[in-house]
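**Q** Structure in structure tokens, see below.
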2 protein chains.
Amino acid sequence: MSTDELFTNPYSPWMNGSGMDGDVVLSSRVRLARNFSDIPFPNRANLAQLSEVKAMMQEILPELEDITDKPYQCLPIDELTNLERKVLIEKHLISNNHIENPEHRALVVSDDRKVSIMINEEDHLRIQCMVSGLDLAVPLELASKIDDTIESKLDIAFNEKMGYLTSCPTNLGTGLRASVMVHLPGLVFTQQIGKIMNASPQLGLAVRGLYGEGTEVIGNIFQISNQLTLGFNEQEIMDNLTSAVLEIIMHERAARKALMTYSAERLSDQVWRAFGILKYARSVSANEALSLLSKVRLGIDTKMITEVAAKSFTELLVSSRTNYLKNLQENENLSQNEIDKERAKTIRETLEKFKVVRE
Amino acid sequence: MSTDELFTNPYSPWMNGSGMDGDVVLSSRVRLARNFSDIPFPNRANLAQLSEVKAMMQEILPELEDITDKPYQCLPIDELTNLERKVLIEKHLISNNHIENPEHRALVVSDDRKVSIMINEEDHLRIQCMVSGLDLAVPLELASKIDDTIESKLDIAFNEKMGYLTSCPTNLGTGLRASVMVHLPGLVFTQQIGKIMNASPQLGLAVRGLYGEGTEVIGNIFQISNQLTLGFNEQEIMDNLTSAVLEIIMHERAARKALMTYSAERLSDQVWRAFGILKYARSVSANEALSLLSKVRLGIDTKMITEVAAKSFTELLVSSRTNYLKNLQENENLSQNEIDKERAKTIRETLEKFKVVRE
């Protein structure tokens with residue numbers, strides 16, 4: 001995949017819906033925070049030190065390619081346009097934080113989009129692996145392999161007592177954050193989501209919006225991640241998160257079943273109206289789009305709608321977003337009207353592209 | 001057409017859209033009020049007298065068939081179910097008033113639905129002819145031919161000074177009421193309809209809702225009719241109404257053009273959303289249906305929508321109505337939920353039936 005395509009093709013492998021429990025879990029991501037010894041954390045480092053971090057990573061890239069059998073690109077954030085940076089956020093490849101001071105920040109991304117390494121975000125390295133459905137083992141294994149390769153060549157800050165040292169104490173220890181993106185329309189429509197949100201901190205979990213910390217919940221999509229990184233080993237963190245997510249999946253499925261049992265007609269009307277509007281509207285706002293898409297996806301998952309594939313939803317999670325659309329039009333100053341028109345067009349075309357032709 | 005079909009087939013010839021100015025004028029109707037001499041008006045007549053009126057009309061039917069070259073049926077209102085009576089109102093064949101005291105009331109209707117004669121409504125006879133588009137001459141000619149035949153055989157109440165005598169003084173003179181059903185979404189959306197409504201009385205016109213006097217305006221459909229029947233001859237009444245309607249058509253077309261020029265994108269979005277909802281919704285209320293159908297029809301008339309024929313709109317003006325749907329289901333006590341479901345289904349099927357397949 002060319003660099004251009006990274007910004008003009010919405011697809012990432014986590015979208016393909018092939019993973020476990022794909023009716024509720026859109027994707028699973030593991031992220032390891034790592035820092036080099038003897039170099040201050042990025043917020044304390046000078047430009048020369050930041051540059052050194054980037055150079056070390058660029059040097060080790062061929063070995064990462066060998067060990068993981070994937071080609072990588074290294075994209076310096078300061079060489080990207082403002083829109084391109086935001087598209088990377090919308091694609092869940094980098095964070096908001098990562099573009100604040102772009103100088104010497106970089107993204108290393110594998111050709112298949114499964115691995116992305118943020119260089120000089122809050123930590124020197126944030127190794128991220130993202131896959132489809134509920135599966136923390138595969139991305140952890142991949143991230144660890146990359147980490148092992150880096151640690152075999154470079155000196156990583158580690159303390160016997162504290163574990164991996166990180167810029168923010170919440171990441172100390174394993175430096176591991178596992179995060180699962182779930183679609184919970186059933187729990188939202190049956191007004192049970194509050195219970196889940198309230199119970200999460202006691203289970204050591206954080207529940208967040210579409211783009212992680214401090215972002216809005218839209219399209220009934222939540223990011224569930226471990227809050228604690230210290231005092232548990234990787235396996236314990238993953239097991240804890242996985243069992244909590246399995247519990248949430250169970251509740252979500254029960255809520256959907258209840259909706260299908262007690263409000264089937266109302267639900268069906270809502271789901272089909274959402275489909276009809278998206279199929280024909282000429283102007284759709286960002287939030288309305290995700291709210292309607294969430295209903296359509298619920299319709300697909302409950303087998304009410306068989307006209308279109310579930311993948312249309314995950315692809316549109318990226319391709320219907322404002323910065324992605326602006327970037328495609330190569331116009332950062334596109335008016336709200338123009339964006340809403342482009343969004344409606346993209347949605348219509350995507351629903352057409354993923355149309356299921358029945359025999 | 002069998003009697004059964006009168007209640008189960010929504011079609012009437014005024015729906016075919018073949019008439020003049022069919023983009024704005026749905027139908028034109030002429031009605032002549034006539035009473036027999038020496039028999040009190042229906043509200044003063046006893047049952048024997050009402051029965052006599054009906055018998056006289058039944059006797060003359062073969063001659064009406066000869067002269068107009070159409071078969072007729074005579075339906076005694078008191079032999080119809082409550083639902084069947086209401087379906088006749090929804091089909092614009094009889095009035096609300098006509099079913100209040102059904103005994104000895106009857107409807108004479110031609111096989112092609114162009115002629116309907118209400119027997120013992122407010123007057124002994126109300127001869128009605130309805131055609132597609134703007135055309136008052138043809139229905140007047142047809143109604144007059146029927147009237148002439150009746151007058152040649154039976155004694156009709158007429159006074160040299162007052163003209164035809166009628167139960168209500170507003171019908172004295174010619175006994176003629178001409179009425180044009182117009183679709184005015186442009187004037188409604190551009191908020192100019194108030195001006196038309198306010199100016200009408202000064203022009204001797206009444207502007208009313210979908211089912212005439214005292215009924216609600218829904219689907220942006222208005223009935224425009226002459227208020228005065230006395231002191232003008234038939235031709236003057238018709239010319240006055242026709243020229244007023246031509247004026248309204250001009251304003252409506254200008255309003256649509258303004259919408260297309262200044263709000264094309266907003267209009268297009270509204271029109272297509274309405275289409276999408278109607279094409280997929282599983283439950284639609286009576287008023288929402290007409291409001292959305294009006295937008296779709298506007299989309300068809302402005303060539304934004306070419307997927308479906310304009311006739312779908314006029315047919316649904318009858319087939320999406322509550323009593324028509326209840327009657328089809330043979331269940332007067334159908335719940336609101338069930339009716340709204342049936343309505344949504346009928347709309348989906350009708351849009352499919354009138355789908356325009358492009359080469």
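Ordered as shown in the structure tokens, chains take letters A, B, and onward, while each chain numbers its residues from 1 and ligands are numbered from 1 in the order shown.
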Least-squares superpose chain A on chain B across all ordered C-alpha pairs, then write out what you get as a short mmCIF file (atom, residue, chain, number, x, y, z; two decimals) with C-alpha atoms, in the first residue's frame.

**A**
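Writing done, so here's selection_19.cif:
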```
data_model
loop_
_atom_site.label_atom_id
_atom_site.label_comp_id
_atom_site.auth_asym_id
_atom_site.auth_seq_id
_atom_site.Cartn_x
_atom_site.Cartn_y
_atom_site.Cartn_z
CA MET A 1 -65.70 -3.06 -12.07
CA SER A 2 -67.47 -5.05 -9.37
CA THR A 3 -68.85 -3.51 -6.18
CA ASP A 4 -66.14 -5.34 -4.27
CA GLU A 5 -63.48 -3.68 -6.32
CA LEU A 6 -64.90 -0.29 -5.50
CA PHE A 7 -63.70 -0.89 -1.94
CA THR A 8 -60.55 -2.90 -2.58
CA ASN A 9 -59.08 -1.16 -5.61
CA PRO A 10 -57.93 2.37 -4.87
CA TYR A 11 -57.91 3.46 -8.50
CA SER A 12 -60.14 6.22 -9.86
CA PRO A 13 -59.64 7.83 -13.28
CA TRP A 14 -58.76 11.22 -11.81
CA MET A 15 -55.56 9.61 -10.50
CA ASN A 16 -54.00 8.89 -13.85
CA GLY A 17 -52.34 12.30 -14.12
CA SER A 18 -53.25 12.65 -17.79
CA GLY A 19 -55.03 15.99 -17.33
CA MET A 20 -53.82 19.55 -17.90
CA ASP A 21 -51.38 21.12 -15.41
CA GLY A 22 -51.07 17.76 -13.70
CA ASP A 23 -47.91 18.88 -11.88
CA VAL A 24 -50.11 21.04 -9.62
CA VAL A 25 -53.74 20.10 -10.23
CA LEU A 26 -54.62 16.57 -9.17
CA SER A 27 -58.28 16.64 -10.16
CA SER A 28 -61.23 18.80 -11.15
CA ARG A 29 -64.75 18.15 -9.99
CA VAL A 30 -68.13 19.63 -10.86
CA ARG A 31 -71.15 19.04 -8.68
CA LEU A 32 -74.75 20.00 -9.43
CA ALA A 33 -77.26 20.16 -6.55
CA ARG A 34 -80.80 19.25 -7.63
CA ASN A 35 -84.08 18.59 -5.82
CA PHE A 36 -87.40 17.16 -6.94
CA SER A 37 -90.42 19.45 -6.85
CA ASP A 38 -93.10 18.61 -4.32
CA ILE A 39 -90.81 16.54 -2.10
CA PRO A 40 -89.29 18.24 0.97
CA PHE A 41 -85.50 18.54 1.13
CA PRO A 42 -83.89 15.45 2.71
CA ASN A 43 -83.52 16.99 6.17
CA ARG A 44 -87.29 17.67 6.20
CA ALA A 45 -88.45 14.58 4.28
CA ASN A 46 -89.92 11.50 5.93
CA LEU A 47 -88.65 8.01 5.18
CA ALA A 48 -91.34 7.37 2.58
CA GLN A 49 -90.36 10.53 0.73
CA LEU A 50 -86.66 9.72 0.88
CA SER A 51 -87.45 6.26 -0.42
CA GLU A 52 -89.44 7.79 -3.26
CA VAL A 53 -86.44 9.91 -4.30
CA LYS A 54 -84.23 6.85 -4.38
CA ALA A 55 -86.81 4.87 -6.35
CA MET A 56 -87.15 7.62 -8.96
CA MET A 57 -83.40 7.68 -9.46
CA GLN A 58 -83.19 3.91 -9.73
CA GLU A 59 -85.89 3.98 -12.36
CA ILE A 60 -84.06 6.52 -14.48
CA LEU A 61 -80.68 4.74 -14.29
CA PRO A 62 -81.07 2.84 -17.62
CA GLU A 63 -81.58 6.14 -19.41
CA LEU A 64 -78.50 7.64 -17.76
CA GLU A 65 -76.57 4.59 -18.91
CA ASP A 66 -77.84 5.08 -22.45
CA ILE A 67 -77.11 8.77 -22.63
CA THR A 68 -73.64 8.63 -21.03
CA ASP A 69 -72.76 5.21 -22.42
CA LYS A 70 -71.58 3.90 -19.03
CA PRO A 71 -72.90 1.21 -16.69
CA TYR A 72 -73.95 2.44 -13.22
CA GLN A 73 -74.39 0.82 -9.83
CA CYS A 74 -76.69 2.02 -7.10
CA LEU A 75 -75.33 1.37 -3.60
CA PRO A 76 -77.75 1.89 -0.70
CA ILE A 77 -75.65 3.48 2.04
CA ASP A 78 -77.49 1.56 4.77
CA GLU A 79 -76.50 -1.74 3.20
CA LEU A 80 -72.80 -0.87 3.39
CA THR A 81 -70.60 -1.54 6.38
CA ASN A 82 -69.38 1.42 8.34
CA LEU A 83 -65.91 0.92 6.85
CA GLU A 84 -67.20 0.75 3.29
CA ARG A 85 -68.98 4.07 3.79
CA LYS A 86 -65.77 5.66 5.01
CA VAL A 87 -63.82 4.24 2.09
CA LEU A 88 -66.25 5.99 -0.26
CA ILE A 89 -65.44 9.25 1.54
CA GLU A 90 -61.71 8.59 1.24
CA LYS A 91 -62.28 7.98 -2.48
CA HIS A 92 -64.03 11.37 -2.77
CA LEU A 93 -67.23 9.67 -3.98
CA ILE A 94 -69.46 10.75 -1.10
CA SER A 95 -69.29 13.28 1.74
CA ASN A 96 -69.11 12.89 5.51
CA ASN A 97 -72.60 14.32 5.64
CA HIS A 98 -73.97 11.58 3.42
CA ILE A 99 -73.38 8.77 5.92
CA GLU A 100 -74.78 10.48 8.99
CA ASN A 101 -78.30 9.10 8.51
CA PRO A 102 -77.79 6.25 6.10
CA GLU A 103 -81.41 5.18 5.72
CA HIS A 104 -82.59 5.65 2.11
CA ARG A 105 -79.36 7.38 1.26
CA ALA A 106 -77.65 5.92 -1.79
CA LEU A 107 -74.73 6.39 -4.10
CA VAL A 108 -75.09 5.98 -7.83
CA VAL A 109 -71.67 5.48 -9.32
CA SER A 110 -70.54 4.88 -12.87
CA ASP A 111 -68.39 1.91 -13.63
CA ASP A 112 -65.51 4.19 -14.59
CA ARG A 113 -65.82 6.19 -11.32
CA LYS A 114 -66.12 9.48 -13.22
CA VAL A 115 -69.73 10.04 -12.21
CA SER A 116 -71.12 9.73 -8.71
CA ILE A 117 -74.58 10.85 -7.65
CA MET A 118 -75.27 11.20 -3.94
CA ILE A 119 -78.95 10.53 -3.29
CA ASN A 120 -80.53 12.22 -0.29
CA GLU A 121 -77.45 13.94 0.99
CA GLU A 122 -78.22 17.62 1.76
CA ASP A 123 -80.14 17.78 -1.52
CA HIS A 124 -82.08 15.01 -3.24
CA LEU A 125 -79.40 14.74 -5.88
CA ARG A 126 -75.81 15.78 -6.01
CA ILE A 127 -74.46 14.93 -9.42
CA GLN A 128 -70.66 14.84 -9.31
CA CYS A 129 -68.15 14.34 -12.10
CA MET A 130 -64.43 14.20 -11.44
CA VAL A 131 -61.55 14.14 -13.92
CA SER A 132 -57.77 14.29 -13.89
CA GLY A 133 -55.91 17.63 -13.99
CA LEU A 134 -57.40 21.07 -14.58
CA ASP A 135 -60.51 20.68 -16.69
CA LEU A 136 -63.90 21.96 -15.59
CA ALA A 137 -65.54 21.88 -19.03
CA VAL A 138 -65.58 18.10 -19.46
CA PRO A 139 -67.06 17.31 -16.03
CA LEU A 140 -69.60 20.13 -16.39
CA GLU A 141 -70.67 18.81 -19.76
CA LEU A 142 -71.04 15.30 -18.35
CA ALA A 143 -72.94 16.48 -15.25
CA SER A 144 -75.20 18.66 -17.38
CA LYS A 145 -75.98 15.78 -19.72
CA ILE A 146 -77.04 13.70 -16.72
CA ASP A 147 -79.00 16.62 -15.32
CA ASP A 148 -80.75 17.20 -18.66
CA THR A 149 -81.78 13.56 -18.84
CA ILE A 150 -83.16 13.66 -15.32
CA GLU A 151 -84.95 16.97 -15.91
CA SER A 152 -86.47 15.65 -19.14
CA LYS A 153 -88.21 12.92 -17.18
CA LEU A 154 -88.64 14.24 -13.66
CA ASP A 155 -89.83 17.47 -12.13
CA ILE A 156 -86.90 19.44 -10.66
CA ALA A 157 -87.45 22.37 -8.27
CA PHE A 158 -86.62 25.56 -10.16
CA ASN A 159 -87.67 29.14 -9.67
CA GLU A 160 -87.36 31.81 -12.36
CA LYS A 161 -85.83 34.28 -9.94
CA MET A 162 -83.77 31.99 -7.69
CA GLY A 163 -82.79 29.31 -10.19
CA TYR A 164 -82.44 25.79 -8.85
CA LEU A 165 -83.78 25.51 -5.33
CA THR A 166 -81.43 23.87 -2.84
CA SER A 167 -81.51 22.92 0.81
CA CYS A 168 -78.77 25.38 1.72
CA PRO A 169 -79.03 28.93 0.30
CA THR A 170 -75.33 28.91 -0.59
CA ASN A 171 -76.16 26.50 -3.39
CA LEU A 172 -79.13 28.39 -4.84
CA GLY A 173 -79.06 29.48 -8.47
CA THR A 174 -76.91 27.21 -10.56
CA GLY A 175 -76.53 24.60 -7.81
CA LEU A 176 -73.05 24.35 -9.23
CA ARG A 177 -69.96 23.79 -7.18
CA ALA A 178 -66.75 23.38 -9.10
CA SER A 179 -63.77 22.25 -7.12
CA VAL A 180 -60.15 21.72 -7.99
CA MET A 181 -57.77 19.60 -5.91
CA VAL A 182 -54.29 21.12 -5.97
CA HIS A 183 -50.93 20.07 -4.56
CA LEU A 184 -49.11 23.17 -3.32
CA PRO A 185 -45.88 22.10 -1.57
CA GLY A 186 -43.97 25.00 -3.13
CA LEU A 187 -46.30 27.61 -1.66
CA VAL A 188 -46.31 25.81 1.70
CA PHE A 189 -42.51 25.42 1.92
CA THR A 190 -41.91 29.02 0.87
CA GLN A 191 -44.57 30.12 3.37
CA GLN A 192 -46.69 31.91 0.78
CA ILE A 193 -49.77 29.76 1.24
CA GLY A 194 -51.19 32.18 3.84
CA LYS A 195 -51.47 34.90 1.20
CA ILE A 196 -53.47 32.62 -1.08
CA MET A 197 -55.74 31.52 1.76
CA ASN A 198 -56.37 35.14 2.77
CA ALA A 199 -57.07 36.37 -0.75
CA SER A 200 -59.48 33.57 -1.65
CA PRO A 201 -62.73 34.83 -0.06
CA GLN A 202 -62.38 38.16 -1.89
CA LEU A 203 -62.13 36.22 -5.14
CA GLY A 204 -65.28 34.28 -4.25
CA LEU A 205 -63.28 31.15 -3.59
CA ALA A 206 -63.16 28.70 -0.70
CA VAL A 207 -59.90 26.92 0.10
CA ARG A 208 -60.36 23.70 2.05
CA GLY A 209 -58.60 20.53 3.18
CA LEU A 210 -58.26 17.11 1.58
CA TYR A 211 -61.88 16.01 2.02
CA GLY A 212 -63.54 19.40 1.49
CA GLU A 213 -65.46 21.54 3.96
CA GLY A 214 -64.25 21.36 7.55
CA THR A 215 -61.44 18.89 6.82
CA GLU A 216 -57.76 19.17 7.60
CA VAL A 217 -55.08 20.18 5.12
CA ILE A 218 -52.69 17.23 4.87
CA GLY A 219 -50.03 16.41 2.32
CA ASN A 220 -50.11 20.06 1.15
CA ILE A 221 -53.31 19.27 -0.72
CA PHE A 222 -56.04 21.91 -0.99
CA GLN A 223 -59.50 21.94 -2.50
CA ILE A 224 -60.31 25.24 -4.18
CA SER A 225 -63.94 25.85 -5.07
CA ASN A 226 -66.38 28.63 -5.95
CA GLN A 227 -68.27 30.09 -3.02
CA LEU A 228 -71.04 31.79 -5.00
CA THR A 229 -73.64 29.94 -7.03
CA LEU A 230 -76.24 32.65 -7.44
CA GLY A 231 -76.03 35.68 -9.73
CA PHE A 232 -73.58 34.09 -12.14
CA ASN A 233 -74.13 31.57 -14.87
CA GLU A 234 -72.25 28.29 -15.03
CA GLN A 235 -69.71 29.61 -17.48
CA GLU A 236 -68.89 32.64 -15.34
CA ILE A 237 -68.41 30.45 -12.26
CA MET A 238 -66.12 28.11 -14.14
CA ASP A 239 -64.14 30.89 -15.76
CA ASN A 240 -63.65 32.64 -12.44
CA LEU A 241 -62.44 29.47 -10.74
CA THR A 242 -60.27 28.45 -13.67
CA SER A 243 -58.53 31.80 -13.87
CA ALA A 244 -57.91 31.81 -10.11
CA VAL A 245 -56.50 28.30 -10.26
CA LEU A 246 -54.29 29.25 -13.21
CA GLU A 247 -52.97 32.10 -11.08
CA ILE A 248 -52.29 29.73 -8.18
CA ILE A 249 -50.56 27.27 -10.54
CA MET A 250 -48.31 30.10 -11.71
CA HIS A 251 -47.42 31.01 -8.12
CA GLU A 252 -46.84 27.38 -7.18
CA ARG A 253 -44.53 26.85 -10.15
CA ALA A 254 -42.65 30.04 -9.31
CA ALA A 255 -42.28 28.87 -5.70
CA ARG A 256 -40.95 25.50 -6.86
CA LYS A 257 -38.52 27.25 -9.18
CA ALA A 258 -37.36 29.48 -6.33
CA LEU A 259 -36.83 26.42 -4.14
CA MET A 260 -34.87 24.77 -6.94
CA THR A 261 -32.80 27.90 -7.42
CA TYR A 262 -32.13 29.01 -3.88
CA SER A 263 -32.57 25.86 -1.79
CA ALA A 264 -31.88 23.10 -4.30
CA GLU A 265 -29.59 21.12 -2.03
CA ARG A 266 -31.77 21.36 1.03
CA LEU A 267 -34.84 20.51 -1.04
CA SER A 268 -33.11 17.57 -2.68
CA ASP A 269 -32.05 16.20 0.72
CA GLN A 270 -35.60 16.58 2.09
CA VAL A 271 -37.16 14.98 -0.95
CA TRP A 272 -34.75 12.02 -1.02
CA ARG A 273 -34.98 11.43 2.72
CA ALA A 274 -38.77 11.29 2.38
CA PHE A 275 -38.36 8.78 -0.45
CA GLY A 276 -35.90 6.70 1.60
CA ILE A 277 -38.15 6.62 4.65
CA LEU A 278 -41.24 5.66 2.66
CA LYS A 279 -39.32 3.02 0.74
CA TYR A 280 -38.15 1.30 3.93
CA ALA A 281 -40.20 2.33 7.00
CA ARG A 282 -42.13 -0.44 8.73
CA SER A 283 -44.66 1.85 10.42
CA VAL A 284 -46.03 5.16 9.16
CA SER A 285 -48.85 7.27 10.56
CA ALA A 286 -51.57 8.66 8.27
CA ASN A 287 -50.36 12.24 8.42
CA GLU A 288 -46.65 11.44 8.21
CA ALA A 289 -47.41 9.35 5.13
CA LEU A 290 -49.06 12.23 3.27
CA SER A 291 -46.46 14.70 4.42
CA LEU A 292 -43.62 12.48 3.11
CA LEU A 293 -45.57 11.56 -0.03
CA SER A 294 -46.05 15.25 -0.76
CA LYS A 295 -42.27 15.73 -0.67
CA VAL A 296 -41.69 12.74 -2.91
CA ARG A 297 -44.29 14.03 -5.37
CA LEU A 298 -42.55 17.41 -5.37
CA GLY A 299 -39.32 15.53 -6.09
CA ILE A 300 -40.96 13.78 -9.03
CA ASP A 301 -42.48 16.99 -10.39
CA THR A 302 -39.14 18.81 -10.15
CA LYS A 303 -37.41 15.86 -11.88
CA MET A 304 -35.21 15.21 -8.85
CA ILE A 305 -36.76 11.77 -8.49
CA THR A 306 -37.19 9.76 -11.67
CA GLU A 307 -37.31 6.35 -9.96
CA VAL A 308 -41.06 6.33 -9.46
CA ALA A 309 -44.13 7.54 -11.37
CA ALA A 310 -46.23 10.49 -10.15
CA LYS A 311 -49.29 8.25 -10.16
CA SER A 312 -47.97 6.49 -7.04
CA PHE A 313 -48.84 9.68 -5.13
CA THR A 314 -52.45 9.97 -6.27
CA GLU A 315 -53.11 6.28 -5.79
CA LEU A 316 -51.65 6.43 -2.26
CA LEU A 317 -53.91 9.41 -1.49
CA VAL A 318 -56.58 6.73 -1.30
CA SER A 319 -54.73 3.48 -0.62
CA SER A 320 -52.70 4.74 2.34
CA ARG A 321 -55.76 6.05 4.20
CA THR A 322 -56.83 4.48 7.44
CA ASN A 323 -60.33 3.30 6.54
CA TYR A 324 -59.25 1.94 3.20
CA LEU A 325 -56.57 -0.10 4.99
CA LYS A 326 -58.95 -1.25 7.72
CA ASN A 327 -61.48 -2.32 5.10
CA LEU A 328 -58.85 -4.30 3.17
CA GLN A 329 -58.01 -6.12 6.40
CA GLU A 330 -61.74 -6.52 7.05
CA ASN A 331 -61.20 -5.32 10.58
CA GLU A 332 -62.70 -2.09 11.84
CA ASN A 333 -60.95 -2.51 15.20
CA LEU A 334 -57.44 -2.83 13.80
CA SER A 335 -55.07 -1.20 16.30
CA GLN A 336 -53.21 1.98 15.40
CA ASN A 337 -49.97 -0.04 15.34
CA GLU A 338 -51.41 -2.56 12.91
CA ILE A 339 -52.78 0.16 10.65
CA ASP A 340 -49.45 2.01 10.61
CA LYS A 341 -47.71 -1.25 9.71
CA GLU A 342 -50.19 -1.99 6.91
CA ARG A 343 -49.82 1.57 5.67
CA ALA A 344 -46.01 1.28 5.53
CA LYS A 345 -46.37 -2.01 3.64
CA THR A 346 -48.85 -0.56 1.14
CA ILE A 347 -46.57 2.41 0.54
CA ARG A 348 -43.53 0.18 -0.03
CA GLU A 349 -45.49 -2.02 -2.42
CA THR A 350 -46.97 0.95 -4.30
CA LEU A 351 -43.58 2.62 -4.75
CA GLU A 352 -42.34 -0.73 -6.08
CA LYS A 353 -45.37 -1.09 -8.38
CA PHE A 354 -44.84 2.35 -9.88
CA LYS A 355 -41.05 1.99 -10.12
CA VAL A 356 -39.72 3.49 -13.32
CA VAL A 357 -37.23 1.12 -14.85
CA ARG A 358 -34.63 3.07 -16.77
CA GLU A 359 -32.94 1.60 -19.81
#
```

**Q** I need the residues of segment 36-278 of chain B that end up classed as strand (DSSP E or B) by DSSP on the backbone, written out as a PyMOL selection string.

**A** chain B and resi 36+72-76+106-110+115-119+125-132+156+158-159+163-164+173+176-183+205-209+212+221-226

**Q** Where in segment 17-241 of chain A does DSSP assign helix (DSSP H, G or I), given as an NGL selection string?

**A** :A and (47-68 or 77-79 or 82-90 or 96-99 or 137-153 or 169-171 or 185-189 or 193-199 or 201-203 or 234-241)

**Q** Okay, now the selection with C-alpha atoms, as a tab-separated table (two decimals), in the first residue's frame?

**A**
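File written: selection_1.tsv
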```
chain	number	residue	atom	x	y	z
A	47	LEU	CA	14.83	18.47	19.64
A	48	ALA	CA	18.17	16.72	19.26
A	49	GLN	CA	17.07	14.00	21.67
A	50	LEU	CA	13.72	13.57	19.96
A	51	SER	CA	15.52	13.33	16.64
A	52	GLU	CA	17.82	10.69	18.10
A	53	VAL	CA	14.82	8.57	19.13
A	54	LYS	CA	13.40	8.77	15.64
A	55	ALA	CA	16.75	7.91	14.08
A	56	MET	CA	17.17	4.85	16.30
A	57	MET	CA	13.76	3.57	15.28
A	58	GLN	CA	14.42	4.18	11.60
A	59	GLU	CA	17.64	2.24	11.89
A	60	ILE	CA	15.93	-0.77	13.44
A	61	LEU	CA	13.07	-0.87	10.90
A	62	PRO	CA	14.70	-3.49	8.59
A	63	GLU	CA	14.96	-5.86	11.53
A	64	LEU	CA	11.31	-5.31	12.45
A	65	GLU	CA	10.43	-6.06	8.84
A	66	ASP	CA	12.44	-9.27	8.99
A	67	ILE	CA	11.03	-10.48	12.27
A	68	THR	CA	7.37	-9.66	11.53
A	77	ILE	CA	4.34	13.88	11.38
A	78	ASP	CA	5.77	17.31	10.54
A	79	GLU	CA	5.94	16.40	6.86
A	82	ASN	CA	-2.77	19.03	8.94
A	83	LEU	CA	-5.56	17.02	7.29
A	84	GLU	CA	-3.38	13.96	6.81
A	85	ARG	CA	-2.53	14.00	10.51
A	86	LYS	CA	-6.20	14.11	11.41
A	87	VAL	CA	-6.98	11.27	9.02
A	88	LEU	CA	-4.45	9.14	10.89
A	89	ILE	CA	-6.36	9.89	14.09
A	90	GLU	CA	-9.66	8.98	12.43
A	96	ASN	CA	-4.70	13.55	19.22
A	97	ASN	CA	-1.74	14.05	21.51
A	98	HIS	CA	0.70	12.89	18.87
A	99	ILE	CA	0.09	15.81	16.51
A	137	ALA	CA	-3.56	-12.63	22.33
A	138	VAL	CA	-2.62	-12.12	18.68
A	139	PRO	CA	-1.95	-8.37	18.94
A	140	LEU	CA	-0.06	-8.85	22.22
A	141	GLU	CA	2.11	-11.51	20.63
A	142	LEU	CA	2.82	-9.25	17.65
A	143	ALA	CA	3.56	-6.21	19.84
A	144	SER	CA	5.79	-8.27	22.10
A	145	LYS	CA	7.74	-9.64	19.15
A	146	ILE	CA	8.40	-6.08	18.00
A	147	ASP	CA	9.27	-5.04	21.54
A	148	ASP	CA	11.66	-7.99	21.94
A	149	THR	CA	13.44	-7.07	18.72
A	150	ILE	CA	13.80	-3.46	19.82
A	151	GLU	CA	14.95	-4.45	23.32
A	152	SER	CA	17.50	-6.88	21.87
A	153	LYS	CA	19.21	-4.00	20.10
A	169	PRO	CA	2.65	6.81	36.07
A	170	THR	CA	-0.60	5.20	34.92
A	171	ASN	CA	1.42	3.31	32.34
A	185	PRO	CA	-26.68	-0.21	20.59
A	186	GLY	CA	-28.68	-2.79	22.56
A	187	LEU	CA	-27.41	-1.53	25.91
A	188	VAL	CA	-27.90	2.08	24.83
A	189	PHE	CA	-31.46	1.59	23.50
A	193	ILE	CA	-25.35	1.41	29.39
A	194	GLY	CA	-25.19	3.59	32.52
A	195	LYS	CA	-24.81	0.50	34.70
A	196	ILE	CA	-21.86	-0.70	32.63
A	197	MET	CA	-20.22	2.73	32.71
A	198	ASN	CA	-20.66	2.95	36.49
A	199	ALA	CA	-19.34	-0.54	37.20
A	201	PRO	CA	-13.86	1.66	37.34
A	202	GLN	CA	-14.41	-0.95	40.06
A	203	LEU	CA	-13.39	-3.61	37.57
A	234	GLU	CA	0.38	-8.97	30.89
A	235	GLN	CA	-1.66	-12.15	31.03
A	236	GLU	CA	-3.62	-11.01	34.08
A	237	ILE	CA	-4.42	-7.67	32.44
A	238	MET	CA	-5.59	-9.36	29.28
A	239	ASP	CA	-7.62	-11.99	31.11
A	240	ASN	CA	-9.31	-9.35	33.24
A	241	LEU	CA	-10.23	-7.23	30.23
```
